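**Q** Got coords.txt for you, compact mmCIF, C-alpha atoms and all ligand atoms:
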```txt
# COMPACT_ATOMS: atom_id res chain seq x y z
CA MET A 4 33.06 -25.82 11.95
CA LYS A 5 30.77 -26.72 9.06
CA ILE A 6 27.44 -24.95 9.10
CA GLU A 7 25.67 -28.33 8.82
CA ARG A 8 27.02 -29.18 12.29
CA LEU A 9 26.38 -25.74 13.76
CA ALA A 10 22.75 -25.35 12.65
CA ARG A 11 19.88 -27.14 14.41
CA LYS A 12 18.96 -30.44 12.77
CA GLY A 13 16.90 -30.03 9.62
CA ILE A 14 16.72 -26.26 9.43
CA LEU A 15 19.05 -25.93 6.43
CA LYS A 16 16.65 -28.06 4.39
CA ILE A 17 13.65 -25.80 5.00
CA ALA A 18 12.48 -24.11 1.79
CA SER A 19 12.18 -20.43 2.62
CA TYR A 20 8.84 -18.69 2.23
CA VAL A 21 8.50 -16.91 -1.13
CA PRO A 22 6.35 -13.81 -0.70
CA GLY A 23 4.54 -11.95 -3.49
CA LYS A 24 6.87 -9.52 -5.27
CA SER A 25 6.81 -6.08 -3.67
CA ILE A 26 6.46 -2.87 -5.69
CA GLU A 27 9.92 -1.84 -4.43
CA GLU A 28 11.43 -5.07 -5.78
CA VAL A 29 9.90 -4.80 -9.25
CA GLU A 30 10.83 -1.10 -9.37
CA ARG A 31 14.46 -1.96 -8.67
CA GLU A 32 14.37 -4.48 -11.53
CA LEU A 33 12.15 -2.72 -14.04
CA GLY A 34 12.05 0.93 -13.05
CA LYS A 35 9.31 3.30 -11.99
CA LYS A 36 5.84 2.72 -13.35
CA ARG A 37 2.27 3.09 -12.11
CA TRP A 38 2.42 -0.38 -10.52
CA VAL A 39 -0.58 -2.16 -9.08
CA LYS A 40 0.23 -4.98 -6.68
CA LEU A 41 -2.28 -7.82 -6.68
CA ALA A 42 0.12 -10.40 -5.27
CA SER A 43 -0.27 -10.39 -1.46
CA ASN A 44 -3.98 -9.85 -0.77
CA GLU A 45 -3.54 -6.47 0.86
CA ASN A 46 -6.35 -3.94 1.19
CA LEU A 47 -6.13 -1.69 -1.87
CA LEU A 48 -8.28 0.97 -0.19
CA GLY A 49 -5.31 1.57 2.10
CA PRO A 50 -5.37 2.05 5.87
CA SER A 51 -8.19 3.72 7.78
CA PRO A 52 -7.60 7.50 8.05
CA LYS A 53 -8.38 7.11 11.75
CA ALA A 54 -5.49 4.64 12.08
CA LEU A 55 -3.17 7.15 10.37
CA GLU A 56 -4.26 9.87 12.78
CA ALA A 57 -3.64 7.58 15.78
CA ILE A 58 -0.13 6.81 14.47
CA ARG A 59 0.65 10.53 14.08
CA LYS A 60 -0.39 11.16 17.68
CA GLU A 61 1.68 8.26 18.98
CA LEU A 62 4.89 9.11 17.08
CA PRO A 63 6.47 11.28 19.84
CA ASN A 64 6.32 8.27 22.22
CA ILE A 65 8.35 5.80 20.20
CA HIS A 66 11.39 6.18 22.49
CA LEU A 67 9.34 4.27 25.10
CA TYR A 68 8.77 0.50 24.99
CA PRO A 69 5.21 -0.48 24.17
CA GLU A 70 3.09 -2.41 26.65
CA GLY A 71 4.12 -6.04 26.20
CA PRO A 72 0.70 -7.71 26.23
CA CYS A 73 -0.91 -4.84 24.21
CA THR A 74 -3.11 -4.20 27.24
CA ILE A 75 -5.66 -1.78 25.75
CA LEU A 76 -6.07 -3.55 22.43
CA ARG A 77 -6.42 -6.83 24.30
CA GLN A 78 -9.21 -5.32 26.40
CA VAL A 79 -10.90 -3.93 23.29
CA LEU A 80 -10.80 -7.33 21.54
CA ALA A 81 -11.93 -9.21 24.67
CA GLU A 82 -14.89 -6.87 24.99
CA LYS A 83 -15.73 -7.07 21.26
CA PHE A 84 -15.90 -10.87 21.46
CA SER A 85 -17.27 -11.09 25.06
CA LEU A 86 -14.30 -13.19 26.15
CA PRO A 87 -12.01 -12.93 29.19
CA GLU A 88 -8.76 -11.12 28.31
CA ARG A 89 -6.74 -14.25 29.08
CA ARG A 90 -8.26 -15.81 25.99
CA VAL A 91 -6.70 -13.26 23.61
CA VAL A 92 -3.06 -13.02 22.49
CA ILE A 93 -1.78 -10.35 20.11
CA SER A 94 1.50 -10.51 18.23
CA ASN A 95 3.37 -9.10 15.25
CA GLY A 96 1.21 -10.70 12.60
CA VAL A 97 -0.56 -14.03 12.33
CA ASP A 98 2.66 -15.32 10.74
CA ASN A 99 4.31 -14.91 14.13
CA ILE A 100 1.37 -16.48 15.97
CA ILE A 101 1.66 -19.55 13.73
CA LEU A 102 5.31 -19.80 14.79
CA LEU A 103 4.25 -19.42 18.45
CA ILE A 104 1.79 -22.30 17.99
CA ALA A 105 4.51 -24.55 16.60
CA SER A 106 6.98 -23.45 19.31
CA ALA A 107 4.46 -24.11 22.06
CA PHE A 108 2.92 -27.38 20.87
CA VAL A 109 5.02 -29.21 18.25
CA ASN A 110 7.69 -31.57 19.60
CA GLU A 111 10.24 -33.22 17.34
CA GLY A 112 8.46 -36.03 15.46
CA ASP A 113 4.94 -34.72 16.10
CA GLU A 114 2.69 -34.65 13.06
CA VAL A 115 1.01 -31.51 11.77
CA VAL A 116 -1.81 -32.02 9.27
CA MET A 117 -2.71 -29.42 6.68
CA ALA A 118 -4.22 -29.07 3.22
CA ASP A 119 -2.22 -29.03 0.00
CA PRO A 120 -2.05 -26.32 -1.15
CA THR A 121 -2.63 -23.97 1.74
CA PHE A 122 -0.80 -21.12 3.48
CA PRO A 123 2.89 -22.19 3.31
CA VAL A 124 3.90 -20.77 6.70
CA TYR A 125 2.27 -23.82 8.38
CA THR A 126 4.90 -26.02 6.72
CA ASN A 127 7.83 -23.76 7.60
CA VAL A 128 7.07 -23.53 11.31
CA THR A 129 6.47 -27.29 11.59
CA GLN A 130 9.82 -28.00 9.98
CA ILE A 131 11.60 -25.49 12.22
CA MET A 132 10.37 -27.45 15.25
CA GLY A 133 11.36 -30.82 13.73
CA GLY A 134 7.72 -31.83 13.27
CA ARG A 135 6.44 -33.92 10.37
CA VAL A 136 4.29 -32.16 7.78
CA VAL A 137 1.32 -34.26 6.63
CA LYS A 138 -0.27 -32.74 3.53
CA VAL A 139 -3.68 -33.73 2.21
CA ARG A 140 -4.53 -32.68 -1.33
CA LEU A 141 -7.56 -30.42 -1.75
CA LYS A 142 -10.66 -31.97 -3.30
CA ASP A 143 -12.41 -29.68 -5.79
CA PHE A 144 -10.10 -26.90 -4.55
CA THR A 145 -11.55 -27.32 -1.01
CA HIS A 146 -10.21 -28.88 2.21
CA ASP A 147 -10.80 -32.64 2.12
CA LEU A 148 -11.74 -32.95 5.79
CA ASP A 149 -12.44 -36.69 5.56
CA GLY A 150 -9.09 -37.22 3.88
CA MET A 151 -7.44 -35.15 6.61
CA LEU A 152 -9.16 -37.21 9.33
CA ARG A 153 -7.80 -40.37 7.75
CA ARG A 154 -4.28 -38.97 8.18
CA VAL A 155 -4.72 -38.14 11.88
CA THR A 156 -2.69 -40.52 14.05
CA ARG A 157 -1.50 -40.85 17.66
CA LYS A 158 1.29 -38.46 16.72
CA THR A 159 -0.94 -35.68 15.37
CA LYS A 160 -0.52 -32.53 17.45
CA VAL A 161 -1.89 -29.71 15.29
CA VAL A 162 -4.29 -29.54 12.34
CA PHE A 163 -4.36 -26.30 10.34
CA ILE A 164 -7.58 -25.34 8.57
CA CYS A 165 -7.34 -22.17 6.53
CA ASN A 166 -10.89 -20.87 6.14
CA PRO A 167 -11.26 -19.36 3.55
CA ASN A 168 -8.26 -21.20 2.15
CA ASN A 169 -5.28 -19.40 0.68
CA PRO A 170 -4.71 -19.70 -2.36
CA THR A 171 -8.12 -21.04 -3.46
CA GLY A 172 -10.55 -18.82 -1.50
CA THR A 173 -12.81 -21.82 -0.74
CA ILE A 174 -14.44 -22.55 2.62
CA VAL A 175 -15.29 -25.57 4.72
CA THR A 176 -18.93 -25.47 5.84
CA GLN A 177 -19.98 -25.39 9.46
CA ARG A 178 -21.59 -28.81 9.12
CA ALA A 179 -18.41 -30.36 7.72
CA PHE A 180 -16.26 -28.61 10.31
CA ASP A 181 -18.48 -29.76 13.23
CA ARG A 182 -18.29 -33.34 12.03
CA PHE A 183 -14.53 -33.04 11.63
CA LEU A 184 -14.02 -31.51 15.07
CA SER A 185 -16.09 -34.20 16.77
CA ARG A 186 -13.72 -36.83 15.36
CA ILE A 187 -10.39 -35.19 16.25
CA PRO A 188 -8.75 -36.94 19.22
CA ASP A 189 -8.03 -34.73 22.23
CA HIS A 190 -4.25 -34.77 21.65
CA GLY A 191 -4.88 -32.66 18.53
CA ILE A 192 -5.29 -28.88 18.46
CA VAL A 193 -7.27 -27.47 15.55
CA VAL A 194 -6.07 -24.09 14.30
CA LEU A 195 -8.70 -22.22 12.31
CA ASP A 196 -6.99 -19.48 10.32
CA GLU A 197 -9.63 -16.86 9.58
CA ALA A 198 -7.37 -14.23 8.03
CA TYR A 199 -9.91 -13.74 5.21
CA ARG A 200 -13.20 -14.49 6.98
CA ASP A 201 -14.44 -10.88 6.81
CA PHE A 202 -14.84 -11.22 3.03
CA ASN A 203 -17.01 -14.35 3.24
CA GLU A 204 -20.59 -14.09 1.98
CA ASP A 205 -21.56 -17.76 2.36
CA PRO A 206 -23.87 -18.31 5.37
CA SER A 207 -22.71 -21.94 5.70
CA CYS A 208 -19.21 -20.77 6.76
CA PRO A 209 -18.44 -21.46 10.44
CA ASN A 210 -17.47 -18.64 12.78
CA GLY A 211 -14.40 -19.59 14.82
CA LEU A 212 -15.63 -17.51 17.72
CA ASP A 213 -18.47 -20.01 18.38
CA TYR A 214 -15.91 -22.76 19.00
CA ILE A 215 -13.85 -20.52 21.28
CA LYS A 216 -17.01 -19.78 23.30
CA LYS A 217 -17.66 -23.54 23.58
CA ARG A 218 -14.08 -23.99 24.90
CA ALA A 219 -13.27 -26.41 22.06
CA GLN A 220 -9.60 -27.32 21.52
CA VAL A 221 -9.44 -24.73 18.76
CA ILE A 222 -7.25 -21.68 18.24
CA VAL A 223 -8.69 -19.01 15.94
CA LEU A 224 -6.36 -16.68 14.05
CA ARG A 225 -7.32 -13.23 12.80
CA THR A 226 -5.28 -10.38 11.38
CA PHE A 227 -5.27 -6.61 10.93
CA SER A 228 -3.48 -7.06 7.58
CA LYS A 229 -6.50 -7.63 5.35
CA VAL A 230 -9.82 -5.92 6.01
CA TYR A 231 -8.17 -3.35 8.34
CA GLY A 232 -5.45 -2.49 5.82
CA LEU A 233 -2.49 -2.60 8.25
CA ALA A 234 -0.29 -5.29 6.64
CA GLY A 235 2.81 -3.08 6.83
CA LEU A 236 2.47 -2.67 10.59
CA ARG A 237 2.46 -6.43 11.28
CA ILE A 238 -0.26 -7.14 13.83
CA GLY A 239 -2.63 -10.06 14.32
CA TYR A 240 -4.19 -12.05 17.14
CA ALA A 241 -5.38 -15.45 18.33
CA LEU A 242 -8.37 -16.46 20.43
CA GLY A 243 -8.53 -19.69 22.41
CA ARG A 244 -8.99 -21.43 25.73
CA GLU A 245 -6.93 -19.90 28.57
CA ASP A 246 -4.60 -22.90 28.89
CA LEU A 247 -3.82 -22.86 25.14
CA ILE A 248 -3.30 -19.08 25.03
CA ASP A 249 -1.10 -19.21 28.16
CA CYS A 250 1.23 -21.60 26.29
CA LEU A 251 1.55 -19.06 23.45
CA TYR A 252 2.56 -16.42 26.00
CA GLN A 253 5.25 -18.78 27.32
CA VAL A 254 7.09 -18.62 23.97
CA ARG A 255 6.19 -15.08 22.87
CA ASP A 256 8.71 -12.19 22.77
CA PRO A 257 8.20 -9.65 25.54
CA PHE A 258 7.42 -6.71 23.19
CA PRO A 259 6.49 -8.10 19.76
CA VAL A 260 4.00 -5.37 18.77
CA HIS A 261 5.24 -1.79 18.54
CA ARG A 262 3.37 1.27 19.77
CA LEU A 263 2.25 2.46 16.33
CA ALA A 264 0.70 -0.90 15.45
CA GLN A 265 -1.17 -1.08 18.76
CA VAL A 266 -2.78 2.36 18.48
CA ALA A 267 -3.50 1.92 14.76
CA ALA A 268 -5.25 -1.41 15.38
CA ILE A 269 -7.48 0.14 18.07
CA ALA A 270 -8.39 3.04 15.75
CA ALA A 271 -9.01 0.67 12.82
CA LEU A 272 -11.38 -1.46 14.93
CA ASN A 273 -13.33 1.69 15.74
CA ASP A 274 -13.52 2.74 12.09
CA THR A 275 -16.30 0.35 11.11
CA GLY A 276 -17.11 2.55 8.07
CA HIS A 277 -13.70 1.82 6.55
CA ALA A 278 -14.00 -1.91 7.27
CA ILE A 279 -17.48 -2.07 5.72
CA ARG A 280 -16.30 -0.15 2.64
CA SER A 281 -13.33 -2.54 2.31
CA ILE A 282 -15.66 -5.54 2.36
CA GLN A 283 -18.05 -3.93 -0.14
CA VAL A 284 -15.18 -3.15 -2.51
CA VAL A 285 -14.09 -6.80 -2.43
CA CYS A 286 -17.60 -8.21 -2.88
CA GLU A 287 -18.33 -5.87 -5.82
CA GLY A 288 -14.91 -6.56 -7.31
CA ARG A 289 -15.46 -10.30 -7.04
CA ARG A 290 -18.73 -10.09 -9.00
CA TYR A 291 -17.15 -7.87 -11.64
CA LEU A 292 -14.17 -10.22 -12.07
CA TYR A 293 -16.39 -13.32 -12.29
CA LYS A 294 -18.40 -11.66 -15.06
CA GLU A 295 -15.33 -10.61 -17.03
CA LEU A 296 -13.61 -13.98 -16.62
CA GLU A 297 -16.72 -15.81 -17.78
CA ARG A 298 -16.95 -13.51 -20.77
CA MET A 299 -13.36 -14.42 -21.62
CA GLY A 300 -14.03 -18.15 -21.16
CA LEU A 301 -11.50 -18.47 -18.33
CA SER A 302 -12.24 -20.71 -15.36
CA TYR A 303 -11.72 -19.61 -11.78
CA VAL A 304 -12.42 -20.92 -8.32
CA PRO A 305 -15.38 -19.06 -6.73
CA SER A 306 -13.86 -17.30 -3.75
CA GLN A 307 -14.95 -16.11 -0.31
CA ALA A 308 -11.73 -14.14 0.13
CA ASN A 309 -10.19 -10.94 -1.29
CA PHE A 310 -8.46 -12.87 -4.08
CA ILE A 311 -9.35 -15.20 -6.93
CA PHE A 312 -7.51 -18.28 -8.17
CA ILE A 313 -7.73 -18.16 -11.96
CA ASP A 314 -6.72 -20.69 -14.61
CA LEU A 315 -4.86 -18.62 -17.22
CA LYS A 316 -4.50 -21.71 -19.40
CA ARG A 317 -0.85 -20.87 -19.96
CA ASP A 318 2.37 -21.07 -17.96
CA SER A 319 1.71 -18.61 -15.16
CA GLU A 320 5.42 -17.77 -14.62
CA GLU A 321 5.49 -16.53 -18.20
CA ALA A 322 2.16 -14.81 -17.71
CA PHE A 323 3.57 -13.16 -14.56
CA ARG A 324 6.30 -11.53 -16.65
CA SER A 325 3.79 -10.38 -19.26
CA PHE A 326 1.64 -8.87 -16.51
CA LEU A 327 4.71 -6.97 -15.24
CA GLU A 328 5.01 -5.34 -18.67
CA GLU A 329 1.50 -4.02 -18.07
CA GLY A 330 2.46 -2.76 -14.59
CA VAL A 331 0.44 -5.46 -12.80
CA ILE A 332 1.98 -7.75 -10.17
CA ILE A 333 0.16 -11.09 -9.70
CA ARG A 334 1.11 -14.32 -7.92
CA PRO A 335 1.86 -17.29 -10.22
CA GLY A 336 0.48 -20.64 -9.05
CA LYS A 337 3.52 -22.89 -9.55
CA ILE A 338 4.49 -22.75 -5.85
CA TRP A 339 1.12 -24.33 -5.03
CA GLY A 340 1.37 -27.02 -7.72
CA TYR A 341 -0.96 -25.25 -10.18
CA PRO A 342 1.41 -24.04 -12.91
CA THR A 343 -1.28 -22.49 -15.12
CA PHE A 344 -3.11 -20.71 -12.29
CA ALA A 345 -2.56 -17.28 -10.80
CA ARG A 346 -3.81 -15.86 -7.51
CA VAL A 347 -5.01 -12.32 -7.99
CA THR A 348 -5.98 -9.85 -5.23
CA ILE A 349 -9.32 -8.09 -5.67
CA GLY A 350 -8.77 -4.34 -5.55
CA ARG A 351 -10.75 -1.18 -6.17
CA MET A 352 -12.77 -1.15 -9.37
CA LYS A 353 -10.01 0.76 -11.19
CA ASP A 354 -7.47 -1.89 -10.12
CA ASN A 355 -9.74 -4.72 -11.24
CA GLU A 356 -10.35 -3.01 -14.58
CA ARG A 357 -6.63 -2.60 -15.06
CA PHE A 358 -6.10 -6.26 -14.29
CA ILE A 359 -8.77 -7.31 -16.82
CA LYS A 360 -7.27 -5.03 -19.47
CA ALA A 361 -3.83 -6.57 -18.88
CA LEU A 362 -5.32 -10.08 -18.76
CA LYS A 363 -6.89 -9.62 -22.19
CA LYS A 364 -3.43 -8.86 -23.63
CA VAL A 365 -1.72 -11.66 -21.69
CA VAL A 366 -4.26 -14.27 -22.74
CA LYS A 367 -3.86 -13.26 -26.41
CA GLN A 368 -0.16 -14.17 -26.19
CA ARG A 369 -1.17 -17.75 -25.24
CA ARG A 370 0.49 -20.32 -27.41
C1 LIG B 1 -4.13 -17.57 5.43
C2 LIG B 1 -3.22 -16.55 5.96
N1 LIG B 1 -2.93 -16.55 7.26
C3 LIG B 1 -2.10 -15.64 7.79
C4 LIG B 1 -1.51 -14.67 7.01
C5 LIG B 1 -0.54 -13.73 7.62
O1 LIG B 1 -1.18 -12.70 8.27
P1 LIG B 1 -0.31 -11.55 8.95
O2 LIG B 1 -0.15 -10.46 7.94
O3 LIG B 1 -1.16 -11.14 10.13
O4 LIG B 1 0.99 -12.14 9.38
C6 LIG B 1 -1.78 -14.60 5.66
C7 LIG B 1 -1.15 -13.59 4.83
O5 LIG B 1 -1.32 -13.44 3.67
C8 LIG B 1 -2.64 -15.59 5.12
O6 LIG B 1 -2.88 -15.63 3.81
```
What does this structure look like when you write it as structure tokens?
Ligand SMILES: Cc1ncc(COP(=O)(O)O)c(C=O)c1O
**A**
Amino acid sequence: MKIERLARKGILKIASYVPGKSIEEVERELGKKRWVKLASNENLLGPSPKALEAIRKELPNIHLYPEGPCTILRQVLAEKFSLPERRVVISNGVDNIILLIASAFVNEGDEVVMADPTFPVYTNVTQIMGGRVVKVRLKDFTHDLDGMLRRVTRKTKVVFICNPNNPTGTIVTQRAFDRFLSRIPDHGIVVLDEAYRDFNEDPSCPNGLDYIKKRAQVIVLRTFSKVYGLAGLRIGYALGREDLIDCLYQVRDPFPVHRLAQVAAIAALNDTGHAIRSIQVVCEGRRYLYKELERMGLSYVPSQANFIFIDLKRDSEEAFRSFLEEGVIIRPGKIWGYPTFARVTIGRMKDNERFIKALKKVVKQRR
């Protein structure tokens, strides 16, 4: 039988997610080099040494299934946020939790509102469930909350707000978010993706936890992939009202998070020194990059995340290839509709300096 008839309706038309190029991938194409990857907003300080130690200790137990609900980590997070455990769900990355949200709440034909551009996984999961993606263009690189409200209808089920937004690094303010939330009808769930919130320095940024405490119809997403440096282990979590979180458990795999990720996450949470250093590195790097970019006359979007969206003033796919010649992997902006922009992860000072050195060469080649 033809695959079109075998596959669920619509899934063959879904554009697959295009991740940043991995070091392994560019090495296969271009050979060994001292590569620096600034394409996926990882933590360039690496994982916490305490997390590595916890993994070493846990290794002899990997023949045993992990605890399904991640019992200890769940307790640790519940205590950290002063919430009942039932209001925490942990899974193999926020990517997976976004899929759980769509699986639990989006019926065929339901509308899911999101910014354009924003994190592309919101689109993928909506399409998988047969929902309708409603995209609202950013205004000044920031969520246009009024524009999003205008697109909310009787069919709206979920609204995704990525704060800070990927790929622009901009935030919605608490005032704007409060106003927005007060106007969302109660058949809509607001998902506040705070994957990058730890790097925010703007006091007007809302804290998702406040809305969870108020029992608002909000789900907050957080990850161990960024500030905690555990992207390769795949672990993230959501906070929300019991009834919402229970629904995510209804559709979750029984054992999505392996033993090594669970113990590493607990150790990383306890290593506040490493987390603080990671944040400092990003904040210092951001200031350094702003200064250098201004010196070069290049415009960028001021960011509250561990990346910067920069206008290279040339085709960024071409620039991407030139950067590869310099051993630097960046993320070209075409997939987000900004063909001259690149999203660049902020690394350690030596990584940032390498990027600027490469950028100076790449910009010179501009035609
Ligand atoms: C906004 C946003 N949310 C979620 C994720 C995915 O997080 P995780 O690594 O926990 O799946 C990313 C990853 O880059 C992201 O940019």
**Q** How big is the axis-aligned box around the listed atoms of stretch 101-115 of chain A once 8 Å is added on each side, and where is its centre? Give both in Å to one decimal, as AutoDock Vina command-line options.
**A**
```
--center_x 5.6 --center_y -27.7 --center_z 16.9 --size_x 25.2 --size_y 32.6 --size_z 26.3
```
**Q** Distance cut-off 12 Å, centre (-4.4, -19.9, -17.9) in file coordinates, counting only C-alpha atoms: which residues qualify? Return them as a PyMOL selection string.
**A** chain A and resi 296+299-303+312-323+335-337+341-346+362-363+365-370
**Q** Each residue of chain A lying at most 6 Å from ligand LIG 1 (chain B) should get a row with its shortest atom-to-atom pair and the distance in Å to one decimal, counting all atoms listed in the file; could you produce that, ordered by chain and increasing number, as JSON lines?
**A**
```
{"residue": "A:Gly96", "atom": "CA", "partner": "B:LIG1", "partner_atom": "O3", "distance": 3.5}
{"residue": "A:Val97", "atom": "CA", "partner": "B:LIG1", "partner_atom": "O3", "distance": 3.7}
{"residue": "A:Asp98", "atom": "CA", "partner": "B:LIG1", "partner_atom": "O4", "distance": 3.8}
{"residue": "A:Phe122", "atom": "CA", "partner": "B:LIG1", "partner_atom": "C1", "distance": 5.2}
{"residue": "A:Cys165", "atom": "CA", "partner": "B:LIG1", "partner_atom": "C1", "distance": 5.7}
{"residue": "A:Asn169", "atom": "CA", "partner": "B:LIG1", "partner_atom": "C1", "distance": 5.2}
{"residue": "A:Asp196", "atom": "CA", "partner": "B:LIG1", "partner_atom": "N1", "distance": 5.9}
{"residue": "A:Ala198", "atom": "CA", "partner": "B:LIG1", "partner_atom": "N1", "distance": 5.1}
{"residue": "A:Thr226", "atom": "CA", "partner": "B:LIG1", "partner_atom": "O3", "distance": 4.4}
{"residue": "A:Ser228", "atom": "CA", "partner": "B:LIG1", "partner_atom": "O2", "distance": 4.8}
{"residue": "A:Ala234", "atom": "CA", "partner": "B:LIG1", "partner_atom": "O2", "distance": 5.3}
{"residue": "A:Arg237", "atom": "CA", "partner": "B:LIG1", "partner_atom": "O2", "distance": 5.8}
{"residue": "A:Ile238", "atom": "CA", "partner": "B:LIG1", "partner_atom": "O3", "distance": 5.5}
{"residue": "A:Gly239", "atom": "CA", "partner": "B:LIG1", "partner_atom": "O3", "distance": 4.6}
```
**Q** I need the residue nearest A:Val92 from this list: A:Ile164, A:Leu184, A:Val175, A:Val260. Use all atoms listed in the file for the distance.
**A**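 So, comparing all the options, the nearest one is A:Val260.
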**Q** Is it possible to get the residues within 12 Å of (-15.8, -23.5, 23.3) (coordinates as in the file, counting only C-alpha atoms) written as a list in words?
**A** Leu86, Arg90, Leu184, Asn210, Gly211, Leu212, Asp213, Tyr214, Ile215, Lys216, Lys217, Arg218, Ala219, Gln220, Val221, Ile222, Val223, Leu242, Gly243, Arg244 and Glu245 of chain A
**Q** Determine the nearest neighbour of A:Ala361 from the options A:Leu152, A:Val109, A:Val304, A:Val39, counting all atoms listed in the file.
**A**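 Smallest separation from A:Ala361 among the options: A:Val39.
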**Q** Hey, which of A:Gln130, A:Val116, A:Leu9, A:Glu82 ends up closest to A:Arg154? Count only C-alpha atoms.
**A**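 Of all the options, A:Val116 lies closest to A:Arg154.
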**Q** Could you jot down the atom CA of A:Val254 to atom CA of A:Lys158 separation for me, Å, one decimal place?
**A** 21.9 Å
**Q** Tell me, as a list in words, which residues lie within 10 Å of A:Phe183, counting all atoms listed in the file; anything in the same chain fewer than 4 positions away does not count.
**A**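 Within the cut-off, the hits are Leu148, Asp149, Met151, Leu152, Gln177, Arg178, Ala179, Ile187 and Val193 of chain A.
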**Q** To one decimal place in Å, what is the distance between atom CA of A:Met132 and atom CA of A:Glu111?
**A**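 These atoms are spaced 6.1 Å apart.
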**Q** List as a list of chain:residue names the protein and nucleic acid residues near A:Asp201, meaning an atom at most 8 Å away when all atoms listed in the file are counted, but skip any in the same chain fewer than 3 places from it.
**A**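 What passes the distance filter is A:Ala198, A:Val230, A:Ile282, A:Ala308.
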**Q** Pick out the residues sitting within 9 Å of A:Asn309, and hand them over as a ChimeraX atom specification; count only C-alpha atoms, and ignore anything fewer than 5 positions along from it in its own chain.
**A** /A:44-46,172,199,202-203,229-230,282,285-286,288-289,347-350
**Q** Would you pick out the contacts of A:Lys40 at 7 Å or less, using all atoms listed in the file, so that residues sharing its chain but fewer than 4 positions from it are not included, and give the list as a ChimeraX atom specification?
**A** /A:26,331-333
**Q** Considering only C-alpha atoms, can you say which of A:Arg334, A:Ala268, A:Ser207, A:Thr275 comes closest to A:Arg77?
**A** A:Ala268
**Q** Enter the distance from atom CA of A:Arg225 to atom CA of A:Ala241, in Å, rounded to one decimal.
**A**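 If I compute the distance from atom CA of A:Arg225 to atom CA of A:Ala241, I get 6.3 Å.
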**Q** Just want the 7 Å neighbourhood of A:Arg140, counted on all atoms listed in the file, with same-chain residues fewer than 2 positions away dropped. Output as an MDAnalysis selection string.
**A** chainID A and resid 118:120 138 142
**Q** Which one is closest to A:Arg280: A:Trp38, A:Lys12, A:Leu47, A:Glu7? Count all atoms listed in the file.
**A**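 Closest candidate: A:Leu47.
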